[in-house]
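Enquirer: start10.cif is reproduced in full below (mmCIF, C-alpha atoms).
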data_my_file
#
loop_
_atom_site.label_atom_id
_atom_site.label_comp_id
_atom_site.auth_asym_id
_atom_site.auth_seq_id
_atom_site.Cartn_x
_atom_site.Cartn_y
_atom_site.Cartn_z
CA MET F 570 67.08 19.21 -15.62
CA THR F 571 69.50 22.15 -15.37
CA PHE F 572 68.01 25.09 -13.52
CA LYS F 573 68.56 28.74 -14.39
CA TYR F 574 69.74 30.59 -11.28
CA ALA F 575 69.25 34.27 -10.56
CA LEU F 576 69.74 36.51 -7.55
CA SER F 577 68.23 39.73 -6.25
CA SER F 578 69.90 43.05 -6.96
CA ALA F 579 69.32 46.78 -6.59
CA GLU F 580 71.30 49.97 -6.93
CA GLU F 581 71.17 50.32 -3.16
CA ALA F 582 69.52 48.42 -0.32
CA PRO F 583 69.97 48.10 3.46
CA LEU F 584 71.28 44.87 4.97
CA SER F 585 67.78 44.31 6.38
CA ALA F 586 66.37 43.87 2.84
CA PRO F 587 66.55 40.52 0.97
CA ILE F 588 68.83 41.96 -1.71
CA LEU F 589 72.14 40.23 -2.42
CA LEU F 590 73.91 42.51 -4.88
CA THR F 591 74.03 46.29 -4.81
CA GLY F 592 75.41 48.62 -7.45
CA SER F 593 74.56 49.57 -11.01
CA ILE F 594 72.82 47.04 -13.24
CA LYS F 595 76.05 46.62 -15.23
CA GLU F 596 78.11 46.05 -12.08
CA ASN F 597 75.61 43.53 -10.75
CA LEU F 598 75.46 41.65 -14.05
CA ILE F 599 79.23 41.26 -14.04
CA ALA F 600 79.31 40.20 -10.39
CA ALA F 601 76.52 37.66 -10.92
CA GLY F 602 78.38 36.10 -13.84
CA LYS F 603 81.56 35.74 -11.80
CA LEU F 604 79.55 34.06 -9.04
CA GLY F 605 78.10 31.52 -11.46
CA TYR F 606 74.57 32.86 -11.79
CA ASN F 607 72.66 33.00 -15.04
CA ALA F 608 70.77 36.21 -14.29
CA ILE F 609 69.91 38.98 -11.87
CA GLU F 610 66.50 40.32 -10.95
CA ILE F 611 66.43 44.10 -10.58
CA HIS F 612 64.52 45.95 -7.87
CA THR F 613 64.03 49.45 -9.21
CA ARG F 614 61.67 52.35 -9.65
CA PRO F 615 59.57 52.60 -12.82
CA ASP F 616 61.11 55.97 -13.66
CA GLU F 617 64.73 54.81 -13.32
CA LYS F 618 66.95 56.09 -16.13
CA ILE F 619 68.63 53.06 -17.70
CA ASP F 620 71.14 52.96 -20.55
CA PHE F 621 69.51 49.96 -22.20
CA GLY F 622 72.14 49.67 -24.89
CA ALA F 623 74.99 49.51 -22.39
CA VAL F 624 73.09 47.03 -20.21
CA LYS F 625 72.37 44.73 -23.15
CA ASP F 626 76.01 44.91 -24.24
CA THR F 627 77.05 43.85 -20.72
CA MET F 628 74.51 41.03 -20.75
CA ALA F 629 75.90 39.73 -24.02
CA GLU F 630 79.55 40.10 -23.03
CA HIS F 631 79.14 38.25 -19.72
CA ASN F 632 76.34 35.87 -20.77
CA VAL F 633 74.09 36.97 -17.91
CA GLN F 634 70.40 37.83 -18.30
CA ILE F 635 67.85 39.82 -16.33
CA SER F 636 65.37 37.34 -14.89
CA ALA F 637 62.71 39.89 -13.91
CA VAL F 638 61.99 43.50 -13.13
CA ILE F 639 60.59 43.72 -9.59
CA THR F 640 57.87 46.35 -9.17
CA GLY F 641 57.67 46.64 -5.36
CA ARG F 642 59.16 50.11 -5.14
CA LEU F 643 56.12 51.52 -6.94
CA ASN F 644 54.38 50.79 -3.65
CA THR F 645 57.08 50.98 -0.98
CA GLU F 646 58.53 54.25 -2.31
CA GLY F 647 55.76 55.55 -4.56
CA LEU F 648 52.86 54.61 -2.23
CA CYS F 649 50.78 53.47 -5.21
CA SER F 650 48.59 50.38 -5.54
CA LEU F 651 46.37 48.92 -8.23
CA ILE F 652 43.29 48.90 -5.98
CA ASP F 653 43.58 52.26 -4.23
CA ASP F 654 40.26 54.00 -3.59
CA ARG F 655 41.71 57.30 -4.80
CA PRO F 656 41.39 57.26 -8.60
CA TYR F 657 44.47 59.43 -9.14
CA VAL F 658 46.61 57.06 -7.03
CA MET F 659 45.33 54.00 -8.85
CA HIS F 660 45.93 55.81 -12.15
CA ALA F 661 49.53 56.52 -11.08
CA ALA F 662 49.94 52.84 -10.21
CA MET F 663 48.76 51.81 -13.66
CA LEU F 664 51.11 54.28 -15.33
CA GLY F 665 53.98 52.95 -13.23
CA MET F 666 53.16 49.38 -14.19
CA TYR F 667 53.07 50.31 -17.87
CA GLN F 668 56.53 51.84 -17.41
CA TYR F 669 57.79 48.63 -15.81
CA ILE F 670 56.41 46.59 -18.71
CA ASP F 671 58.13 48.88 -21.23
CA MET F 672 61.36 48.49 -19.24
CA ALA F 673 61.01 44.71 -19.23
CA GLU F 674 60.38 44.65 -22.97
CA LYS F 675 63.63 46.52 -23.61
CA LEU F 676 65.50 44.12 -21.33
CA ASN F 677 63.86 41.00 -22.82
CA THR F 678 62.43 39.92 -19.48
CA ASP F 679 59.27 39.79 -17.36
CA ILE F 680 57.90 41.66 -14.34
CA VAL F 681 57.01 40.58 -10.81
CA LEU F 682 53.90 42.06 -9.20
CA GLY F 683 53.98 41.93 -5.41
CA TRP F 684 53.30 44.84 -3.10
CA ALA F 685 52.08 47.11 -5.90
CA LYS F 686 48.83 45.17 -6.20
CA GLY F 687 47.77 46.70 -2.86
CA ASN F 688 45.82 45.51 0.17
CA VAL F 689 42.10 45.40 0.87
CA PRO F 690 41.34 48.09 3.52
CA THR F 691 40.26 46.73 6.89
CA GLY F 692 36.52 46.16 7.08
CA LYS F 693 35.89 46.86 3.39
CA ASN F 694 34.18 44.62 0.83
CA ARG F 695 36.91 42.26 -0.35
CA ASP F 696 35.10 41.22 -3.53
CA LYS F 697 34.93 44.82 -4.73
CA TYR F 698 38.69 45.24 -4.50
CA LEU F 699 39.46 41.88 -6.07
CA LYS F 700 37.20 42.77 -9.00
CA ARG F 701 39.06 46.07 -9.35
CA LEU F 702 42.38 44.24 -9.28
CA ALA F 703 41.19 41.77 -11.90
CA SER F 704 40.08 44.58 -14.20
CA ASN F 705 43.41 46.39 -13.91
CA LEU F 706 45.40 43.18 -14.28
CA ASP F 707 43.43 42.33 -17.41
CA ALA F 708 44.48 45.63 -19.00
CA LEU F 709 48.10 45.25 -17.88
CA SER F 710 48.20 41.62 -18.98
CA SER F 711 47.08 42.49 -22.49
CA TYR F 712 49.56 45.35 -22.74
CA ALA F 713 52.36 43.09 -21.51
CA GLU F 714 51.44 40.20 -23.80
CA GLU F 715 51.70 42.46 -26.84
CA ARG F 716 55.30 43.15 -25.74
CA ASN F 717 56.17 39.52 -24.96
CA VAL F 718 56.35 40.28 -21.23
CA LYS F 719 54.81 38.01 -18.59
CA ILE F 720 53.38 39.21 -15.27
CA HIS F 721 54.34 37.05 -12.30
CA ALA F 722 51.98 37.57 -9.33
CA GLU F 723 53.98 37.01 -6.15
CA VAL F 724 52.51 35.02 -3.28
CA ILE F 725 53.43 36.83 -0.02
CA ASN F 726 52.64 35.91 3.56
CA ARG F 727 49.65 37.29 5.50
CA TYR F 728 51.79 39.43 7.81
CA GLU F 729 52.76 41.63 4.86
CA VAL F 730 49.74 41.56 2.50
CA ASN F 731 46.13 40.35 2.41
CA ILE F 732 45.81 39.46 -1.29
CA PHE F 733 47.55 36.43 -2.84
CA THR F 734 48.85 34.90 0.38
CA THR F 735 48.71 31.28 -0.84
CA GLY F 736 49.48 29.58 -4.09
CA LYS F 737 45.95 28.21 -4.38
CA GLU F 738 44.35 31.63 -3.89
CA THR F 739 46.59 33.14 -6.56
CA MET F 740 46.15 30.29 -9.02
CA ASP F 741 42.37 30.28 -8.57
CA PHE F 742 42.17 34.06 -9.06
CA ILE F 743 44.15 33.87 -12.31
CA GLN F 744 41.88 31.13 -13.64
CA GLN F 745 38.65 32.72 -12.43
CA TRP F 746 39.38 35.96 -14.29
CA TYR F 747 40.97 34.34 -17.37
CA LEU F 748 44.24 36.25 -16.94
CA ASP F 749 46.14 34.31 -19.58
CA ASN F 750 49.35 36.34 -19.30
CA VAL F 751 49.53 36.35 -15.48
CA TYR F 752 51.54 33.60 -13.76
CA VAL F 753 52.11 32.42 -10.20
CA HIS F 754 55.30 33.44 -8.42
CA LEU F 755 56.10 31.27 -5.38
CA ASP F 756 58.65 32.07 -2.68
CA THR F 757 59.86 29.44 -0.21
CA PHE F 758 60.14 31.92 2.66
CA HIS F 759 56.50 32.93 2.33
CA MET F 760 55.37 29.38 1.55
CA ASN F 761 56.87 28.17 4.81
CA ILE F 762 54.49 30.52 6.65
CA GLU F 763 51.34 29.99 4.61
CA GLU F 764 51.29 26.61 2.89
CA THR F 765 50.17 23.39 4.56
CA ASP F 766 52.25 21.41 2.06
CA MET F 767 54.82 23.32 -0.01
CA LEU F 768 55.39 20.47 -2.45
CA GLU F 769 51.66 20.04 -3.03
CA THR F 770 51.38 23.78 -3.74
CA ILE F 771 54.07 23.56 -6.40
CA HIS F 772 52.10 20.75 -8.05
CA TYR F 773 48.85 22.72 -7.78
CA CYS F 774 50.39 25.74 -9.53
CA LYS F 775 52.50 23.79 -12.02
CA ASP F 776 50.61 24.84 -15.14
CA ARG F 777 51.03 28.55 -14.36
CA LEU F 778 54.20 28.60 -12.28
CA GLY F 779 56.29 31.38 -13.77
CA TYR F 780 58.88 32.45 -11.20
CA PHE F 781 60.40 30.98 -8.05
CA HIS F 782 62.18 32.66 -5.13
CA VAL F 783 64.30 30.71 -2.68
CA ALA F 784 65.36 31.58 0.86
CA ASP F 785 65.41 29.43 3.97
CA ASN F 786 62.90 29.72 6.82
CA THR F 787 64.99 32.42 8.54
CA ARG F 788 65.28 34.25 5.19
CA SER F 789 68.96 33.46 5.13
CA TYR F 790 70.30 31.63 2.09
CA PRO F 791 69.08 28.11 1.23
CA GLY F 792 70.67 25.32 3.20
CA THR F 793 71.10 27.24 6.43
CA GLY F 794 67.72 26.49 7.96
CA GLN F 795 64.95 23.93 8.09
CA LEU F 796 63.37 23.95 4.63
CA PRO F 797 63.63 20.72 2.58
CA PHE F 798 65.35 22.14 -0.49
CA PRO F 799 66.33 18.77 -2.01
CA GLU F 800 62.63 17.85 -2.09
CA ILE F 801 61.63 21.32 -3.29
CA MET F 802 64.06 21.25 -6.21
CA GLN F 803 63.04 17.69 -7.06
CA THR F 804 59.40 18.78 -7.15
CA LEU F 805 60.27 21.63 -9.50
CA GLN F 806 61.85 19.05 -11.75
CA GLU F 807 58.77 16.83 -11.53
CA VAL F 808 56.50 19.62 -12.76
CA ASN F 809 59.00 20.55 -15.52
CA TYR F 810 59.50 24.07 -14.19
CA ASN F 811 61.69 25.94 -16.67
CA GLY F 812 61.69 29.43 -15.16
CA TYR F 813 64.32 31.02 -12.97
CA VAL F 814 65.18 29.91 -9.45
CA SER F 815 66.08 33.25 -7.92
CA VAL F 816 67.82 33.68 -4.57
CA GLU F 817 66.13 36.49 -2.65
CA CYS F 818 67.53 36.28 0.86
CA LEU F 819 69.17 38.42 3.50
CA PRO F 820 72.75 39.25 2.52
CA GLY F 821 74.35 38.68 5.92
CA ASN F 822 77.65 40.43 6.61
CA ASN F 823 79.12 39.80 3.17
CA ARG F 824 76.87 39.95 0.11
CA TYR F 825 79.26 38.07 -2.18
CA GLU F 826 80.02 35.28 0.27
CA THR F 827 76.30 34.77 0.83
CA ALA F 828 75.56 34.76 -2.89
CA HIS F 829 78.41 32.28 -3.48
CA ALA F 830 77.27 29.96 -0.67
CA ALA F 831 73.68 30.03 -1.96
CA ILE F 832 74.43 28.90 -5.49
CA GLU F 833 77.00 26.35 -4.34
CA TYR F 834 74.41 24.76 -2.11
CA LEU F 835 71.64 24.79 -4.73
CA LYS F 836 73.88 23.21 -7.36
CA SER F 837 75.00 20.54 -4.89
CA ILE F 838 71.48 19.17 -4.34
CA VAL F 839 70.28 18.77 -7.93
#
Step by step, read the file and then write its structure as structure tokens.
Expert:
Amino acid sequence: MTFKYALSSAEEAPLSAPILLTGSIKENLIAAGKLGYNAIEIHTRPDEKIDFGAVKDTMAEHNVQISAVITGRLNTEGLCSLIDDRPYVMHAAMLGMYQYIDMAEKLNTDIVLGWAKGNVPTGKNRDKYLKRLASNLDALSSYAEERNVKIHAEVINRYEVNIFTTGKETMDFIQQWYLDNVYVHLDTFHMNIEETDMLETIHYCKDRLGYFHVADNTRSYPGTGQLPFPEIMQTLQEVNYNGYVSVECLPGNNRYETAHAAIEYLKSIV
């Protein structure tokens, strides 16, 4: 199996963020192609002004796609979540997510839902918030499906969020609420913290595995730490995963050298 490789990108990001390329979408598409990647994921705001025609022309010229639109900045910058107790904040979160879906449709890609889903407030009734999340995800899922856009629910470790911290929890939630257009997004950095058996988790989520992030246990690029990437990639092959393998790691001192080393290592083990 030949994997499709992507890497994280944004217009701007500090070195402390797991973003490899910075610059305009067009610049990052060109850079990714030169580095040997098939796509970039874009971390952006829902209200970002994008020249979709120029971006699509660049994609075609350099044979590089956009693997996903990442929605985290709706929360980290916009302070919105899909389960907020304040109706006007939750409403703003829904509007932002609809904007992301429209953006993804124009770019022929999907969206990743991570931080924007929100966290259950300390001491509050967890079931109430999960039901609220399910209701909002049902509406977003239907809207996205009509536009041929998938929603990938990211599994993030417990030190950052308190919803969807394991693959099993995320998979079971999707099935419990019949969210047919919502998929599981696994990330090796977070899996290393939360999963008892990373390979078993990949198998458990195989039928709904939609997106896959890679970084080593230190969040540096794959191959620099302790994670068993040969076994991880082999397991992805075993479950016939056909989505993107996207490098979302710390950029180190040189973004391009890190991006180059990451894809060289990944290609060397499959």
Enquirer: Taking the file as shown, find all residues satisfying the PyMOL selection byres ((chain F and resi 634) around 12) and write them as a ChimeraX atom specification.
Expert: /F:573-576,594-595,597-599,601-602,606-611,624-633,635-638,673,676-679,813
Enquirer: Please measure the separation of atom CA of F:Thr571 and atom CA of F:Val839, giving the value in Å to one decimal.
Expert: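 Computing the Euclidean distance for atom CA of F:Thr571 and atom CA of F:Val839 yields 8.2 Å.
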Enquirer: I would like the residues chosen by the PyMOL selection byres ((chain F and resi 669) around 8) on the shown file; could you give them as a VMD selection string?
Expert: chain F and resid 615 638 640 665 to 668 670 to 673 680
Enquirer: Hey, what's within 10 Å of stretch 825-830 of chain F if we count all atoms listed in the file and toss same-chain stuff fewer than 6 positions away? As a PyMOL selection string, please?
Expert: chain F and resi 575-577+588-590+600-601+603-606+789-793+816-819
Enquirer: With only C-alpha atoms as the counted atoms, please give the residues lying no more than 12 Å from stretch 757-765 of chain F, apart from itself and same-chain residues fewer than 3 positions off, as JSON, numbers by chain.
Expert: {"F": [587, 723, 724, 725, 726, 727, 728, 729, 730, 731, 733, 734, 735, 736, 737, 738, 754, 768, 769, 770, 771, 773, 780, 781, 782, 783, 784, 785, 786, 787, 788, 789, 790, 791, 794, 795, 796, 797, 798, 801, 802, 814, 815, 816, 817, 818, 819]}
Enquirer: With distances taken over all atoms listed in the file, which residue among F:Gly687, F:Asp776, F:Asn644, F:Thr739 lies nearest F:Tyr810?
Expert: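 Under the stated criterion, the closest residue is F:Asp776.
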Enquirer: Pull the closest atom pair for each residue of stretch 701-815 of chain F that gets at most 7 Å from stretch 651-659 of chain F, along with the distance in Å to one decimal, counting all atoms listed in the file, ordering rows by chain and then ascending residue number, as a tab-separated table.
Expert:
residue	atom	partner	partner_atom	distance
F:Arg701	CA	F:Ile652	CA	6.1
F:Leu702	CA	F:Ile652	CA	5.8
F:Asn705	CA	F:Leu651	CA	6.9
Enquirer: With distances taken over all atoms listed in the file, which of F:Ile619, F:Val808, F:Leu709, F:Val718 is nearest to F:Glu674?
Expert: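 Between F:Ile619, F:Val808, F:Leu709, F:Val718, the residue approaching F:Glu674 most closely is F:Val718.
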Enquirer: Using Å and a single decimal, report how far atom CA of F:Ala582 sits from atom CA of F:Gly683.
Expert: 17.6 Å
Enquirer: Once 4 Å is added on each side, what are the centre and the three edge lengths, in Å to one decimal, of the axis-aligned box enclosing the listed atoms of stretch 807-818 of chain F? Present them as lines of an AutoDock Vina configuration file.
Expert:
center_x = 62.2
center_y = 26.7
center_z = -7.9
size_x = 19.3
size_y = 27.7
size_z = 25.5
Enquirer: Suppose you want the space between atom CA of F:Gly821 and atom CA of F:Thr591; what is it in Å?
Expert: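 If I compute the distance from atom CA of F:Gly821 to atom CA of F:Thr591, I get 13.2 Å.
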Enquirer: Once the PyMOL selection byres ((chain F and resi 742) around 12) has been evaluated on this model, what residues remain selected, and can you format them as a ChimeraX atom specification?
Expert: /F:696,699-700,702-704,706-707,722,724,732-741,743-749,751-753,774,777
Enquirer: For F:Tyr834, which residue among F:Lys618, F:Gly812, F:Arg695, F:Pro799 is the nearest when counting all atoms listed in the file?
Expert: F:Pro799
Enquirer: Compile the contact shell of F:His772 as a list in words: residues with an atom at most 10 Å away, counting only C-alpha atoms, same-chain residues fewer than 5 positions apart removed.
Expert: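 The filter keeps Met767, Leu778, Thr804, Leu805, Glu807 and Val808 of chain F.
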